[in-house]
Structures are given as structure tokens and as C-alpha cells.
Amino acid sequence: MKKALKIALLSMLALAVVLVAAGFLFVYKIKNGFPAGFETNQPTINFPADKPALLLFSKTTGYRHSQSIDAAKKAFHQMAAKNGWFVYETEEGGVFNAEQLKKFKVIIINNSTGRLLNAEQQQAVTQFVESGGALMGIHGSGDFSHDDWPWLVTNMVGASFSHHPLNPQLQAAQVHIEKNSDSALISRLPVSWTHTDEWYVFFSQPKNAQIVAYIDGEKILPSGNILFITDKDFGMGKYHPIAWHRDVGQGKTFYTSMGHDAAVWQDARFVALLENAVRWSIR
């Protein structure tokens, strides 16, 4: 009997150790990603002479928003066909070299998470933007898995990611357009609409940013991922930005924390906001 009890206790202990290790592994992957390496081979790209070129980058080494990434690819190709743009779609970092980046008008980081580019490639993005290019980011591109790329966090997001709600994870909220926004960014958009998403919470308001859209942070449940801590919104508060842009050198960045799943791409207002952001980026 004692032997059976000992075996049962040891089995329970082993299971607990495995579960804890799996939990730490999951958190590490979400926070840091698991890079298999950085791609450095330059791709062959045939750039049309008469179309603005968009670089749609969807690499992930952390959490992958698979359905949203796939829906975004389809949406941006539809926008391109409508507006006469050229989209180069990739999940490899070899295109991030100074020579090829010069041929693009805007880089779109499509829910990319984790470690994405090596130091030289990151510097090529910095040079691209600061010399007049545009950089757009969607949802996961602004989470906390980009600690190895502080320039991105500072210049595209302008705030440090804390968490997203878990109870419930997806919530409906009223999106409000900031009335003083650049008219190119809010064209064809209503002053407000209801949108369901995974609302990111940051430790502060985005610094040195021009807000484009916001929600009422007091009308969502921000309970997140720290044990025994609920209703935490840190520095966001009632005026909770969800889309903004920043001037960076001679260039500019645009970021929206919206975009968690495929359903958001069925929201014509959300798609119109991003289409406006591309037009604003390449004008």
C-alpha cells in the first residue's frame, strides 16, 4: 500500500514538473520567440515600374495569429488590385537590405511576433524609415516579444506592452475616431463604430504620437495575466488609444493594436482604416 502511494505521489510530482516546465516554455516562446535563424538571401523581385510597392512581412517566431495573418494577406492583395499597388509578400528577412528596401514605399509588419531580423536587417529598416519611408504595424507587431528590437518598440509603438484581457479575451467596444486626425487617415470612416477585438493594454499612452482612434478603456474588462490582479489598465485609462502614427526622421510609422483574428477583417471599417493608412504612407 505504501509503495503504491509512493508511486502515485511521485507520478503526481512528475506531472506537476512537466506542466510547470511546459508553462515556462510557452511563456518564453510568447515573450522571446524561437528563431530557427535569420534569412539573409536576397530574393529576386520584379518591381512593376508604374506601381507603388508594399512589403507585406508576416514572419513569426513567437505566438502566431494564423487566421488574422492569412486574412490580412488576402485583404492587402485586394486593396492592391483596387488601388494599383504592388504587394511583395514574404515571411523571410532576406529582403531587409538597404538596396531592396529603397524600392518600397511602405513596410507592413503583419502580426509578426518574436525575433524577426538580425541587427543589420533592423538597421536597414531604421535607415529606410528615417530617410523617408513608412512603416506600418498590426496588432502582434506591437506586443512584448520584440525586446531585441528596441527601435521598433520606441518608434512604431511608443509604449511598452503589458497584456491583453483574458476574461473575456475578445470584447466588443465602441471605436471612436480622433476628430483632429489627418484627413487621409479617416477618409470614409464613421465617427464611431462597434468593433470586437483583443484589446491590448500598454503601460502608458504612446509617446509623441498622433492618435487616430481610441476606445473607452473604462468600458472594457482589462483583467489580464497576473495572478490575483484584476481590472488592471496601468497607464491607459478612459482614453485608450488603439491606432496612432508618429514622425520618425524624414519618415513615419503607423500602428494599430486591433487585428487579433480573422473576424476583424470582415469589419469593413477596420479594413478601410488600414487602406487609408497605406494611402497616407505612400502619398
# chains A, B, ... in the order shown; residues from 1 in each chain; ligands from 1
$ residues_around --residues "range 132-142 of chain A" --least-positions-apart "4" --cutoff "8 Å" --atoms "only C-alpha atoms" --output "PyMOL selection string"
chain A and resi 65+104-113+128+146+153+156-157+161+249-260+277+281-282
$ residues_around --residues "Gln210 in chain A" --least-positions-apart "4" --cutoff "10 Å" --atoms "only C-alpha atoms" --output "PDB file with C-alpha atoms, in the first residue's frame"
ATOM      1  CA  GLU A 178      -9.997  61.311 -33.170  1.00  0.00           C
ATOM      2  CA  ASN A 180      -8.147  66.114 -35.302  1.00  0.00           C
ATOM      3  CA  SER A 181      -6.672  63.207 -37.270  1.00  0.00           C
ATOM      4  CA  ASP A 182      -5.075  63.597 -40.680  1.00  0.00           C
ATOM      5  CA  PRO A 206       2.018  56.074 -26.713  1.00  0.00           C
ATOM      6  CA  PRO A 241      -5.655  54.672 -27.979  1.00  0.00           C
ATOM      7  CA  ALA A 243      -4.399  53.416 -33.613  1.00  0.00           C
ATOM      8  CA  TRP A 244      -1.783  56.140 -33.935  1.00  0.00           C
ATOM      9  CA  HIS A 245       1.120  57.413 -36.010  1.00  0.00           C
ATOM     10  CA  ARG A 246       4.493  59.017 -35.324  1.00  0.00           C
ATOM     11  CA  ASP A 247       7.022  61.071 -37.249  1.00  0.00           C
ATOM     12  CA  PHE A 254       1.571  53.834 -38.142  1.00  0.00           C
TER      13      PHE A 254
END
$ residues_around --residues "Pro52 in chain A" --least-positions-apart "4" --cutoff "12 Å" --atoms "only C-alpha atoms" --output "list in words"
Phe47, Pro48, Ala80, Ala81, Asn83, Gly84, Trp85, Phe86, Val87, Tyr88, Lys102, Lys103, Phe104, Lys105, Val106, Ile107, Val278, Arg279, Ser281, Ile282 and Arg283 of chain A
$ atom_distance --atom1 "CA of Ala209 in chain A" --atom2 "CA of Ile242 in chain A"
11.5 Å
$ select_by_dssp --residues "range 98-206 of chain A" --states "alpha helix (DSSP H)" --output "list in words"
Ala98, Glu99, Gln100, Leu101, Ala119, Glu120, Gln121, Gln122, Gln123, Ala124, Val125, Thr126, Gln127, Phe128, Val129, Glu130, Pro150, Trp151, Leu152, Ser183, Ala184, Leu185 and Ile186 of chain A
$ closest_residue --among "A:Gln127, A:Ser204, A:Ser223, A:Ser145" --to "His164 in chain A" --atoms "only C-alpha atoms"
A:Ser223
$ residues_around --residues "Pro190 in chain A" --least-positions-apart "4" --cutoff "9 Å" --atoms "only C-alpha atoms" --output "list in words"
His176, Ile177, Ile186 and Arg269 of chain A
$ write_last_selection --atoms "C-alpha atoms" --output "PDB file, in the first residue's frame"
ATOM      1  CA  HIS A 176     -14.010  56.497 -31.821  1.00  0.00           C
ATOM      2  CA  ILE A 177     -12.138  58.462 -34.466  1.00  0.00           C
ATOM      3  CA  ILE A 186     -10.001  58.896 -41.536  1.00  0.00           C
ATOM      4  CA  ARG A 269     -14.321  49.968 -41.212  1.00  0.00           C
TER       5      ARG A 269
END
